[in-house]
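Pasted below: target_13.cif, mmCIF, N, CA and C atoms and all ligand atoms.
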```
data_query
#
loop_
_atom_site.label_atom_id
_atom_site.label_comp_id
_atom_site.auth_asym_id
_atom_site.auth_seq_id
_atom_site.Cartn_x
_atom_site.Cartn_y
_atom_site.Cartn_z
N MET A 1 31.30 73.03 7.62
CA MET A 1 31.68 72.75 9.01
C MET A 1 32.07 74.04 9.74
N LYS A 2 32.39 75.05 8.99
CA LYS A 2 32.86 76.29 9.59
C LYS A 2 31.80 76.94 10.50
N GLN A 3 30.57 76.93 10.01
CA GLN A 3 29.49 77.55 10.76
C GLN A 3 29.25 76.87 12.10
N ALA A 4 29.37 75.55 12.09
CA ALA A 4 29.19 74.77 13.31
C ALA A 4 30.24 75.19 14.34
N HIS A 5 31.44 75.39 13.86
CA HIS A 5 32.55 75.84 14.68
C HIS A 5 32.23 77.15 15.39
N THR A 6 31.73 78.08 14.59
CA THR A 6 31.40 79.41 15.09
C THR A 6 30.30 79.34 16.15
N LEU A 7 29.30 78.53 15.87
CA LEU A 7 28.20 78.39 16.81
C LEU A 7 28.67 77.85 18.16
N LEU A 8 29.50 76.81 18.11
CA LEU A 8 30.01 76.22 19.34
C LEU A 8 30.77 77.26 20.16
N LYS A 9 31.53 78.06 19.45
CA LYS A 9 32.32 79.10 20.10
C LYS A 9 31.41 80.13 20.75
N GLN A 10 30.40 80.51 20.01
CA GLN A 10 29.43 81.51 20.47
C GLN A 10 28.77 81.07 21.78
N TYR A 11 28.57 79.77 21.94
CA TYR A 11 27.93 79.25 23.13
C TYR A 11 28.93 78.77 24.17
N ASN A 12 30.19 79.12 23.96
CA ASN A 12 31.25 78.71 24.88
C ASN A 12 31.31 77.21 25.09
N LEU A 13 31.08 76.47 24.03
CA LEU A 13 31.14 75.02 24.12
C LEU A 13 32.47 74.54 23.55
N ARG A 14 33.10 73.69 24.32
CA ARG A 14 34.35 73.11 23.87
C ARG A 14 34.08 72.32 22.59
N HIS A 15 35.00 72.42 21.69
CA HIS A 15 34.81 71.76 20.41
C HIS A 15 35.12 70.27 20.48
N THR A 16 34.15 69.44 20.08
CA THR A 16 34.41 68.02 19.89
C THR A 16 33.83 67.63 18.54
N ASP A 17 34.30 66.52 18.02
CA ASP A 17 33.82 66.06 16.72
C ASP A 17 32.31 65.81 16.75
N CYS A 18 31.88 65.18 17.84
CA CYS A 18 30.47 64.84 17.95
C CYS A 18 29.60 66.10 17.97
N ARG A 19 30.02 67.08 18.75
CA ARG A 19 29.27 68.33 18.83
C ARG A 19 29.18 69.00 17.46
N GLU A 20 30.33 69.02 16.80
CA GLU A 20 30.35 69.66 15.48
C GLU A 20 29.43 68.94 14.50
N HIS A 21 29.45 67.62 14.53
CA HIS A 21 28.57 66.84 13.64
C HIS A 21 27.11 67.15 13.91
N ILE A 22 26.77 67.18 15.18
CA ILE A 22 25.36 67.38 15.53
C ILE A 22 24.89 68.79 15.17
N VAL A 23 25.71 69.78 15.45
CA VAL A 23 25.35 71.15 15.07
C VAL A 23 25.15 71.22 13.56
N ASP A 24 26.03 70.56 12.86
CA ASP A 24 25.95 70.54 11.41
C ASP A 24 24.66 69.91 10.91
N ILE A 25 24.26 68.84 11.56
CA ILE A 25 23.01 68.17 11.18
C ILE A 25 21.82 69.12 11.35
N PHE A 26 21.83 69.85 12.46
CA PHE A 26 20.75 70.81 12.70
C PHE A 26 20.79 71.95 11.69
N LEU A 27 22.00 72.41 11.38
CA LEU A 27 22.14 73.51 10.43
C LEU A 27 21.61 73.13 9.05
N GLN A 28 21.80 71.86 8.70
CA GLN A 28 21.40 71.42 7.38
C GLN A 28 19.94 71.01 7.28
N SER A 29 19.31 70.84 8.42
CA SER A 29 17.93 70.39 8.40
C SER A 29 16.97 71.58 8.35
N THR A 30 15.93 71.42 7.57
CA THR A 30 14.95 72.51 7.45
C THR A 30 13.79 72.28 8.42
N TYR A 31 13.84 71.19 9.19
CA TYR A 31 12.75 70.91 10.12
C TYR A 31 13.30 70.37 11.43
N ALA A 32 12.46 70.32 12.43
CA ALA A 32 12.87 69.85 13.75
C ALA A 32 13.21 68.36 13.73
N LEU A 33 14.21 67.98 14.53
CA LEU A 33 14.72 66.62 14.52
C LEU A 33 14.50 65.92 15.85
N SER A 34 14.12 64.67 15.79
CA SER A 34 14.02 63.88 17.01
C SER A 34 15.39 63.30 17.32
N HIS A 35 15.51 62.76 18.52
CA HIS A 35 16.73 62.10 18.94
C HIS A 35 17.12 61.01 17.93
N ALA A 36 16.11 60.26 17.50
CA ALA A 36 16.35 59.17 16.55
C ALA A 36 16.83 59.70 15.20
N ASP A 37 16.27 60.84 14.78
CA ASP A 37 16.71 61.46 13.52
C ASP A 37 18.20 61.80 13.59
N VAL A 38 18.60 62.38 14.73
CA VAL A 38 20.00 62.78 14.91
C VAL A 38 20.88 61.54 14.90
N GLU A 39 20.45 60.51 15.62
CA GLU A 39 21.23 59.27 15.67
C GLU A 39 21.39 58.65 14.30
N GLU A 40 20.33 58.70 13.53
CA GLU A 40 20.37 58.13 12.19
C GLU A 40 21.37 58.89 11.31
N ALA A 41 21.34 60.21 11.44
CA ALA A 41 22.25 61.04 10.63
C ALA A 41 23.70 60.85 11.06
N ILE A 42 23.91 60.59 12.34
CA ILE A 42 25.25 60.39 12.87
C ILE A 42 25.80 59.02 12.46
N GLY A 43 24.89 58.07 12.34
CA GLY A 43 25.32 56.71 12.00
C GLY A 43 26.13 56.10 13.11
N ASP A 44 27.23 55.45 12.76
CA ASP A 44 28.03 54.83 13.82
C ASP A 44 29.29 55.65 14.12
N ARG A 45 29.26 56.92 13.75
CA ARG A 45 30.43 57.75 13.99
C ARG A 45 30.61 58.07 15.47
N HIS A 46 29.47 58.11 16.21
CA HIS A 46 29.55 58.38 17.64
C HIS A 46 28.55 57.48 18.36
N ASP A 47 28.87 57.10 19.59
CA ASP A 47 27.96 56.19 20.29
C ASP A 47 26.75 56.94 20.84
N ARG A 48 25.74 56.17 21.18
CA ARG A 48 24.44 56.72 21.58
C ARG A 48 24.53 57.61 22.80
N VAL A 49 25.35 57.21 23.76
CA VAL A 49 25.46 57.98 25.00
C VAL A 49 26.02 59.38 24.72
N THR A 50 27.02 59.42 23.87
CA THR A 50 27.62 60.71 23.52
C THR A 50 26.60 61.60 22.81
N VAL A 51 25.86 61.01 21.91
CA VAL A 51 24.84 61.77 21.18
C VAL A 51 23.80 62.29 22.17
N TYR A 52 23.36 61.43 23.07
CA TYR A 52 22.36 61.82 24.07
C TYR A 52 22.87 62.97 24.92
N ARG A 53 24.11 62.84 25.41
CA ARG A 53 24.70 63.87 26.26
C ARG A 53 24.86 65.19 25.52
N THR A 54 25.25 65.09 24.27
CA THR A 54 25.45 66.30 23.47
C THR A 54 24.13 67.06 23.29
N LEU A 55 23.07 66.33 23.00
CA LEU A 55 21.76 66.99 22.85
C LEU A 55 21.36 67.67 24.15
N ARG A 56 21.59 66.98 25.26
CA ARG A 56 21.30 67.48 26.59
C ARG A 56 22.06 68.80 26.84
N THR A 57 23.35 68.78 26.50
CA THR A 57 24.19 69.97 26.68
C THR A 57 23.68 71.12 25.83
N PHE A 58 23.36 70.83 24.59
CA PHE A 58 22.88 71.87 23.67
C PHE A 58 21.59 72.49 24.19
N LEU A 59 20.75 71.65 24.75
CA LEU A 59 19.47 72.09 25.30
C LEU A 59 19.70 73.01 26.50
N ASP A 60 20.61 72.58 27.37
CA ASP A 60 20.93 73.36 28.58
C ASP A 60 21.57 74.69 28.23
N LYS A 61 22.41 74.69 27.21
CA LYS A 61 23.16 75.89 26.87
C LYS A 61 22.37 76.88 26.03
N GLY A 62 21.21 76.45 25.56
CA GLY A 62 20.39 77.38 24.78
C GLY A 62 20.72 77.39 23.30
N LEU A 63 21.28 76.29 22.82
CA LEU A 63 21.62 76.21 21.40
C LEU A 63 20.47 75.59 20.60
N ILE A 64 19.80 74.63 21.23
CA ILE A 64 18.61 74.04 20.61
C ILE A 64 17.46 74.15 21.60
N HIS A 65 16.25 74.10 21.10
CA HIS A 65 15.09 74.10 21.98
C HIS A 65 14.18 72.93 21.66
N ARG A 66 13.37 72.59 22.63
CA ARG A 66 12.47 71.47 22.48
C ARG A 66 11.27 71.90 21.63
N VAL A 67 10.92 71.04 20.73
CA VAL A 67 9.76 71.30 19.90
C VAL A 67 8.73 70.23 20.23
N LEU A 68 7.67 70.64 20.89
CA LEU A 68 6.67 69.65 21.28
C LEU A 68 5.87 69.22 20.07
N ASP A 69 5.78 67.93 19.91
CA ASP A 69 5.09 67.36 18.78
C ASP A 69 3.88 66.61 19.33
N ASP A 70 3.12 66.00 18.48
CA ASP A 70 2.03 65.18 18.98
C ASP A 70 2.50 63.74 19.17
N LEU A 71 3.79 63.54 19.07
CA LEU A 71 4.37 62.22 19.29
C LEU A 71 4.80 62.11 20.74
N SER A 72 5.17 60.91 21.15
CA SER A 72 5.53 60.73 22.54
C SER A 72 6.96 61.16 22.83
N PHE A 73 7.70 61.48 21.79
CA PHE A 73 9.08 61.93 21.99
C PHE A 73 9.23 63.35 21.47
N PRO A 74 10.15 64.11 22.08
CA PRO A 74 10.32 65.50 21.63
C PRO A 74 11.20 65.59 20.40
N LYS A 75 11.07 66.70 19.71
CA LYS A 75 11.98 67.01 18.62
C LYS A 75 12.75 68.25 19.04
N TYR A 76 13.81 68.54 18.34
CA TYR A 76 14.65 69.68 18.69
C TYR A 76 14.95 70.52 17.45
N ALA A 77 15.13 71.81 17.68
CA ALA A 77 15.50 72.71 16.59
C ALA A 77 16.46 73.74 17.14
N LEU A 78 17.27 74.30 16.25
CA LEU A 78 18.22 75.34 16.66
C LEU A 78 17.46 76.56 17.14
N CYS A 79 18.02 77.24 18.13
CA CYS A 79 17.48 78.52 18.56
C CYS A 79 18.06 79.58 17.63
N LYS A 80 17.19 80.30 16.95
CA LYS A 80 17.68 81.28 15.98
C LYS A 80 18.45 82.40 16.68
N ALA A 81 17.81 83.00 17.66
CA ALA A 81 18.50 83.98 18.48
C ALA A 81 19.04 83.22 19.68
N PRO A 82 20.28 83.51 20.08
CA PRO A 82 20.87 82.76 21.18
C PRO A 82 20.02 82.84 22.44
N CYS A 83 19.82 81.72 23.08
CA CYS A 83 19.06 81.68 24.32
C CYS A 83 20.03 81.62 25.48
N ALA A 84 19.59 82.07 26.65
CA ALA A 84 20.42 82.03 27.84
C ALA A 84 20.52 80.60 28.33
N VAL A 85 21.54 80.36 29.14
CA VAL A 85 21.72 79.04 29.73
C VAL A 85 20.51 78.71 30.62
N HIS A 86 19.94 77.53 30.43
CA HIS A 86 18.78 77.06 31.19
C HIS A 86 17.57 77.96 31.04
N GLU A 87 17.55 78.78 30.04
CA GLU A 87 16.42 79.68 29.90
C GLU A 87 16.13 79.94 28.42
N HIS A 88 15.09 79.34 27.93
CA HIS A 88 14.73 79.54 26.54
C HIS A 88 13.61 80.56 26.43
N HIS A 89 13.75 81.45 25.49
CA HIS A 89 12.69 82.42 25.27
C HIS A 89 12.11 82.24 23.89
N HIS A 90 11.17 81.35 23.80
CA HIS A 90 10.54 81.14 22.51
C HIS A 90 9.06 81.33 22.67
N ALA A 91 8.51 82.10 21.83
CA ALA A 91 7.06 82.24 21.85
C ALA A 91 6.58 82.08 20.42
N HIS A 92 7.30 81.27 19.66
CA HIS A 92 6.87 81.09 18.28
C HIS A 92 6.08 79.80 18.11
N VAL A 93 5.32 79.80 17.04
CA VAL A 93 4.45 78.68 16.72
C VAL A 93 5.25 77.56 16.07
N HIS A 94 4.92 76.32 16.41
CA HIS A 94 5.46 75.17 15.70
C HIS A 94 4.36 74.57 14.85
N PHE A 95 4.73 74.22 13.65
CA PHE A 95 3.74 73.71 12.71
C PHE A 95 4.09 72.30 12.29
N LYS A 96 3.14 71.40 12.48
CA LYS A 96 3.37 70.01 12.07
C LYS A 96 2.55 69.69 10.85
N CYS A 97 3.24 69.19 9.83
CA CYS A 97 2.55 68.85 8.58
C CYS A 97 2.03 67.42 8.64
N ASN A 98 0.77 67.27 8.35
CA ASN A 98 0.14 65.95 8.39
C ASN A 98 0.56 65.08 7.21
N GLN A 99 1.11 65.71 6.19
CA GLN A 99 1.48 64.92 5.02
C GLN A 99 2.92 64.43 5.06
N CYS A 100 3.88 65.34 5.30
CA CYS A 100 5.28 64.90 5.33
C CYS A 100 5.72 64.56 6.76
N GLY A 101 4.92 64.94 7.74
CA GLY A 101 5.24 64.60 9.12
C GLY A 101 6.31 65.47 9.75
N GLN A 102 6.75 66.49 9.03
CA GLN A 102 7.81 67.35 9.55
C GLN A 102 7.23 68.48 10.38
N THR A 103 7.99 68.85 11.42
CA THR A 103 7.58 69.96 12.27
C THR A 103 8.55 71.11 12.08
N ASN A 104 8.02 72.28 11.87
CA ASN A 104 8.86 73.45 11.60
C ASN A 104 8.66 74.55 12.64
N CYS A 105 9.72 75.31 12.87
CA CYS A 105 9.64 76.51 13.69
C CYS A 105 9.11 77.63 12.79
N LEU A 106 8.03 78.23 13.18
CA LEU A 106 7.59 79.44 12.48
C LEU A 106 8.02 80.61 13.35
N GLU A 107 9.30 80.97 13.19
CA GLU A 107 9.94 81.94 14.08
C GLU A 107 9.22 83.29 14.11
N ASP A 108 8.61 83.64 13.00
CA ASP A 108 8.00 84.97 12.91
C ASP A 108 6.55 84.99 13.37
N VAL A 109 6.02 83.82 13.68
CA VAL A 109 4.64 83.77 14.14
C VAL A 109 4.63 83.66 15.65
N VAL A 110 4.24 84.72 16.29
CA VAL A 110 4.30 84.79 17.75
C VAL A 110 3.02 84.25 18.37
N ILE A 111 3.18 83.48 19.43
CA ILE A 111 2.02 82.95 20.15
C ILE A 111 1.35 84.11 20.89
N PRO A 112 0.07 84.32 20.69
CA PRO A 112 -0.61 85.42 21.39
C PRO A 112 -0.57 85.20 22.91
N THR A 113 -0.53 86.27 23.64
CA THR A 113 -0.50 86.18 25.10
C THR A 113 -1.81 85.59 25.62
N VAL A 114 -1.67 84.61 26.46
CA VAL A 114 -2.84 83.99 27.06
C VAL A 114 -2.96 84.49 28.49
N VAL A 115 -4.10 85.03 28.84
CA VAL A 115 -4.30 85.53 30.20
C VAL A 115 -4.74 84.38 31.10
N LEU A 116 -3.94 84.15 32.14
CA LEU A 116 -4.21 83.04 33.04
C LEU A 116 -4.89 83.55 34.31
N PRO A 117 -5.61 82.68 35.00
CA PRO A 117 -6.23 83.09 36.27
C PRO A 117 -5.15 83.48 37.28
N THR A 118 -5.49 84.31 38.24
CA THR A 118 -4.56 84.74 39.28
C THR A 118 -3.97 83.52 39.98
N GLY A 119 -2.67 83.58 40.21
CA GLY A 119 -2.03 82.47 40.92
C GLY A 119 -1.32 81.50 39.99
N TYR A 120 -1.58 81.60 38.70
CA TYR A 120 -0.90 80.73 37.74
C TYR A 120 0.25 81.49 37.09
N ARG A 121 1.44 80.92 37.19
CA ARG A 121 2.61 81.58 36.59
C ARG A 121 3.17 80.72 35.47
N PRO A 122 3.05 81.17 34.25
CA PRO A 122 3.53 80.35 33.14
C PRO A 122 5.06 80.34 33.06
N ALA A 123 5.61 79.20 32.68
CA ALA A 123 7.06 79.10 32.50
C ALA A 123 7.38 78.94 31.02
N GLU A 124 6.52 78.28 30.32
CA GLU A 124 6.78 77.96 28.93
C GLU A 124 5.45 77.87 28.20
N THR A 125 5.42 78.39 27.01
CA THR A 125 4.19 78.30 26.21
C THR A 125 4.50 77.55 24.93
N ASN A 126 3.69 76.59 24.63
CA ASN A 126 3.87 75.84 23.39
C ASN A 126 2.60 75.87 22.58
N LEU A 127 2.77 76.10 21.32
CA LEU A 127 1.60 76.05 20.45
C LEU A 127 1.97 75.26 19.20
N LEU A 128 1.28 74.16 19.02
CA LEU A 128 1.51 73.32 17.85
C LEU A 128 0.30 73.40 16.94
N ILE A 129 0.53 73.74 15.72
CA ILE A 129 -0.56 73.78 14.76
C ILE A 129 -0.34 72.66 13.75
N ASN A 130 -1.36 71.89 13.54
CA ASN A 130 -1.29 70.81 12.55
C ASN A 130 -1.93 71.25 11.25
N GLY A 131 -1.43 70.71 10.17
CA GLY A 131 -2.04 71.06 8.90
C GLY A 131 -1.18 70.60 7.74
N VAL A 132 -1.16 71.39 6.69
CA VAL A 132 -0.34 71.07 5.52
C VAL A 132 0.69 72.16 5.34
N CYS A 133 1.95 71.79 5.25
CA CYS A 133 3.02 72.78 5.16
C CYS A 133 3.16 73.33 3.75
N ILE A 134 3.99 74.34 3.64
CA ILE A 134 4.15 75.05 2.36
C ILE A 134 4.69 74.13 1.26
N ASN A 135 5.54 73.17 1.65
CA ASN A 135 6.12 72.27 0.67
C ASN A 135 5.11 71.27 0.13
N CYS A 136 4.12 70.96 0.95
CA CYS A 136 3.14 69.93 0.55
C CYS A 136 1.88 70.55 -0.06
N SER A 137 1.72 71.84 0.06
CA SER A 137 0.48 72.46 -0.40
C SER A 137 0.59 73.03 -1.81
N VAL A 138 1.16 72.26 -2.70
CA VAL A 138 1.25 72.77 -4.08
C VAL A 138 0.06 72.38 -4.94
ZN ZN A 201 16.09 78.56 22.81
ZN ZN A 202 4.64 68.87 4.50
ZN ZN A 203 10.99 76.39 17.41
#
```

Starting from the file, give its structure as structure tokens.
Ligand SMILES: [Zn+2]
Ligand SMILES: [Zn+2]
Ligand SMILES: [Zn+2]
Amino acid sequence: MKQAHTLLKQYNLRHTDCREHIVDIFLQSTYALSHADVEEAIGDRHDRVTVYRTLRTFLDKGLIHRVLDDLSFPKYALCKAPCAVHEHHHAHVHFKCNQCGQTNCLEDVVIPTVVLPTGYRPAETNLLINGVCINCSV
């Protein structure tokens, strides 16, 4: 729980039990989590609205980032390097495994720069690669 404490402090977030639990869940997970995943891990310790708001706050503060999946709902993962408030700087690849269904941040794999036609200003770049992850490819 100590690490969660430190992270909250680093992002100037007031400490609450719910926040600490959620940060902890992300710290312990090796893959990106959906809202439902977080709710399941939380159980009935906190109500849905609080969980929803907490995720929203974390997203705004730059503690977690959205991981686009091929599902209709987003997943979230911790930002390894602290992101600015309302401004995420991620250009890493996300990898979705077709076998275990988990999506991972490949922090060290940078998305190549895409040259856009004049007049187009990119705000966010997402690259999802599907395949078989390292855990499943034995
Ligand atoms: Zn971020
Ligand atoms: Zn896998
Ligand atoms: Zn990521």

Distance query segment 88-98 of chain A at most 6 Å, all atoms listed in the file, self and fewer than 2 positions along chain excluded, as a PDB file with N, CA and C atoms, keeping the file's coordinate frame:
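In the end it all went to around27.pdb:
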```pdb
ATOM      1  N   CYS A  83      19.820  81.720  23.080  1.00  0.00           N
ATOM      2  CA  CYS A  83      19.060  81.680  24.320  1.00  0.00           C
ATOM      3  C   CYS A  83      20.030  81.620  25.480  1.00  0.00           C
ATOM      4  N   ALA A  84      19.590  82.070  26.650  1.00  0.00           N
ATOM      5  CA  ALA A  84      20.420  82.030  27.840  1.00  0.00           C
ATOM      6  C   ALA A  84      20.520  80.600  28.330  1.00  0.00           C
ATOM      7  N   HIS A  86      19.940  77.530  30.430  1.00  0.00           N
ATOM      8  CA  HIS A  86      18.780  77.060  31.190  1.00  0.00           C
ATOM      9  C   HIS A  86      17.570  77.960  31.040  1.00  0.00           C
ATOM     10  N   CYS A 100       3.880  65.340   5.300  1.00  0.00           N
ATOM     11  CA  CYS A 100       5.280  64.900   5.330  1.00  0.00           C
ATOM     12  C   CYS A 100       5.720  64.560   6.760  1.00  0.00           C
ATOM     13  N   GLY A 101       4.920  64.940   7.740  1.00  0.00           N
ATOM     14  CA  GLY A 101       5.240  64.600   9.120  1.00  0.00           C
ATOM     15  C   GLY A 101       6.310  65.470   9.750  1.00  0.00           C
ATOM     16  N   GLN A 102       6.750  66.490   9.030  1.00  0.00           N
ATOM     17  CA  GLN A 102       7.810  67.350   9.550  1.00  0.00           C
ATOM     18  C   GLN A 102       7.230  68.480  10.380  1.00  0.00           C
ATOM     19  N   THR A 103       7.990  68.850  11.420  1.00  0.00           N
ATOM     20  CA  THR A 103       7.580  69.960  12.270  1.00  0.00           C
ATOM     21  C   THR A 103       8.550  71.110  12.080  1.00  0.00           C
ATOM     22  N   ASN A 104       8.020  72.280  11.870  1.00  0.00           N
ATOM     23  CA  ASN A 104       8.860  73.450  11.600  1.00  0.00           C
ATOM     24  C   ASN A 104       8.660  74.550  12.640  1.00  0.00           C
ATOM     25  N   CYS A 105       9.720  75.310  12.870  1.00  0.00           N
ATOM     26  CA  CYS A 105       9.640  76.510  13.690  1.00  0.00           C
ATOM     27  C   CYS A 105       9.110  77.630  12.790  1.00  0.00           C
ATOM     28  N   LEU A 106       8.030  78.230  13.180  1.00  0.00           N
ATOM     29  CA  LEU A 106       7.590  79.440  12.480  1.00  0.00           C
ATOM     30  C   LEU A 106       8.020  80.610  13.350  1.00  0.00           C
ATOM     31  N   GLU A 107       9.300  80.970  13.190  1.00  0.00           N
ATOM     32  CA  GLU A 107       9.940  81.940  14.080  1.00  0.00           C
ATOM     33  C   GLU A 107       9.220  83.290  14.110  1.00  0.00           C
ATOM     34  N   VAL A 109       6.020  83.820  13.680  1.00  0.00           N
ATOM     35  CA  VAL A 109       4.640  83.770  14.140  1.00  0.00           C
ATOM     36  C   VAL A 109       4.630  83.660  15.650  1.00  0.00           C
ATOM     37  N   VAL A 110       4.240  84.720  16.290  1.00  0.00           N
ATOM     38  CA  VAL A 110       4.300  84.790  17.750  1.00  0.00           C
ATOM     39  C   VAL A 110       3.020  84.250  18.370  1.00  0.00           C
ATOM     40  N   ILE A 111       3.180  83.480  19.430  1.00  0.00           N
ATOM     41  CA  ILE A 111       2.020  82.950  20.150  1.00  0.00           C
ATOM     42  C   ILE A 111       1.350  84.110  20.890  1.00  0.00           C
ATOM     43  N   LEU A 127       2.770  76.100  21.320  1.00  0.00           N
ATOM     44  CA  LEU A 127       1.600  76.050  20.450  1.00  0.00           C
ATOM     45  C   LEU A 127       1.970  75.260  19.200  1.00  0.00           C
ATOM     46  N   LEU A 128       1.280  74.160  19.020  1.00  0.00           N
ATOM     47  CA  LEU A 128       1.510  73.320  17.850  1.00  0.00           C
ATOM     48  C   LEU A 128       0.300  73.400  16.940  1.00  0.00           C
ATOM     49  N   ILE A 129       0.530  73.740  15.720  1.00  0.00           N
ATOM     50  CA  ILE A 129      -0.560  73.780  14.760  1.00  0.00           C
ATOM     51  C   ILE A 129      -0.340  72.660  13.750  1.00  0.00           C
ATOM     52  N   ASN A 130      -1.360  71.890  13.540  1.00  0.00           N
ATOM     53  CA  ASN A 130      -1.290  70.810  12.550  1.00  0.00           C
ATOM     54  C   ASN A 130      -1.930  71.250  11.250  1.00  0.00           C
ATOM     55  N   GLY A 131      -1.430  70.710  10.170  1.00  0.00           N
ATOM     56  CA  GLY A 131      -2.040  71.060   8.900  1.00  0.00           C
ATOM     57  C   GLY A 131      -1.180  70.600   7.740  1.00  0.00           C
ATOM     58  N   VAL A 132      -1.160  71.390   6.690  1.00  0.00           N
ATOM     59  CA  VAL A 132      -0.340  71.070   5.520  1.00  0.00           C
ATOM     60  C   VAL A 132       0.690  72.160   5.340  1.00  0.00           C
ATOM     61  N   CYS A 133       1.950  71.790   5.250  1.00  0.00           N
ATOM     62  CA  CYS A 133       3.020  72.780   5.160  1.00  0.00           C
ATOM     63  C   CYS A 133       3.160  73.330   3.750  1.00  0.00           C
TER      64      CYS A 133
END
```

Suppose you want the space between atom CA of His21 of chain A and atom CA of His46 of chain A; what is it in Å? 9.4 Å

A:Ser72, A:Ala81, A:Ile42, A:Gln10: which is nearest ligand ZN 201 (chain A), counting all atoms listed in the file? A:Ala81

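We find atom CA of Tyr11 of chain A and atom CA of Asp69 of chain A to be spaced 26.1 Å apart.
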
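Using only C-alpha atoms and all ligand atoms, the shortest contact distance between ligand ZN 201 (chain A) and any of A:Leu59, A:Ala123, A:Val23, A:Ile134 is found at A:Leu59.
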
Would you mind reading off the distance between atom N of Ser34 of chain A and atom N of Ala77 of chain A, one decimal, in Å? 7.5 Å

Which residue is closest to Arg66 of chain A? Choose from A:Val85, A:Arg53, A:Ala32, A:Pro112 and count only C-alpha atoms. A:Ala32

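In terms of minimum interatomic distance to Asp108 of chain A, A:Lys80 ranks closest within A:Glu124, A:Ala41, A:Lys80, A:Leu8, counting only C-alpha atoms.
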
I want to know what sits within 8 Å of Glu20 of chain A, based on all atoms listed in the file, with residues of the same chain fewer than 5 positions away left out; could you give that as JSON, numbers by chain? {"A": [1, 4, 5, 8, 14, 15, 25, 26]}

Go ahead and dump the residues you just picked, N, CA and C atoms, as a compact mmCIF listing (two decimals), in the frame of the given file.
```
# COMPACT_ATOMS: atom_id res chain seq x y z
N MET A 1 31.30 73.03 7.62
CA MET A 1 31.68 72.75 9.01
C MET A 1 32.07 74.04 9.74
N ALA A 4 29.37 75.55 12.09
CA ALA A 4 29.19 74.77 13.31
C ALA A 4 30.24 75.19 14.34
N HIS A 5 31.44 75.39 13.86
CA HIS A 5 32.55 75.84 14.68
C HIS A 5 32.23 77.15 15.39
N LEU A 8 29.50 76.81 18.11
CA LEU A 8 30.01 76.22 19.34
C LEU A 8 30.77 77.26 20.16
N ARG A 14 33.10 73.69 24.32
CA ARG A 14 34.35 73.11 23.87
C ARG A 14 34.08 72.32 22.59
N HIS A 15 35.00 72.42 21.69
CA HIS A 15 34.81 71.76 20.41
C HIS A 15 35.12 70.27 20.48
N ILE A 25 24.26 68.84 11.56
CA ILE A 25 23.01 68.17 11.18
C ILE A 25 21.82 69.12 11.35
N PHE A 26 21.83 69.85 12.46
CA PHE A 26 20.75 70.81 12.70
C PHE A 26 20.79 71.95 11.69
```

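Closest approach to Asp37 of chain A among A:Val51, A:Leu63, A:Leu13, A:Leu116 is made by A:Val51 (distances from only C-alpha atoms).
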
Mind checking DSSP for segment 14-105 of chain A and telling me the alpha helix (DSSP H) residues as a ChimeraX atom specification? /A:17-28,35-42,48-61

Using only C-alpha atoms and all ligand atoms, the residue out of A:Thr125, A:Tyr76, A:Tyr31, A:Ala36 with shortest distance to ligand ZN 202 (chain A) is A:Tyr31

Give the strand (DSSP E) residues of chain A, as assigned by DSSP on the backbone, as a ChimeraX atom specification. /A:33-34,64-67,75-78,92-97,103-110,128-131
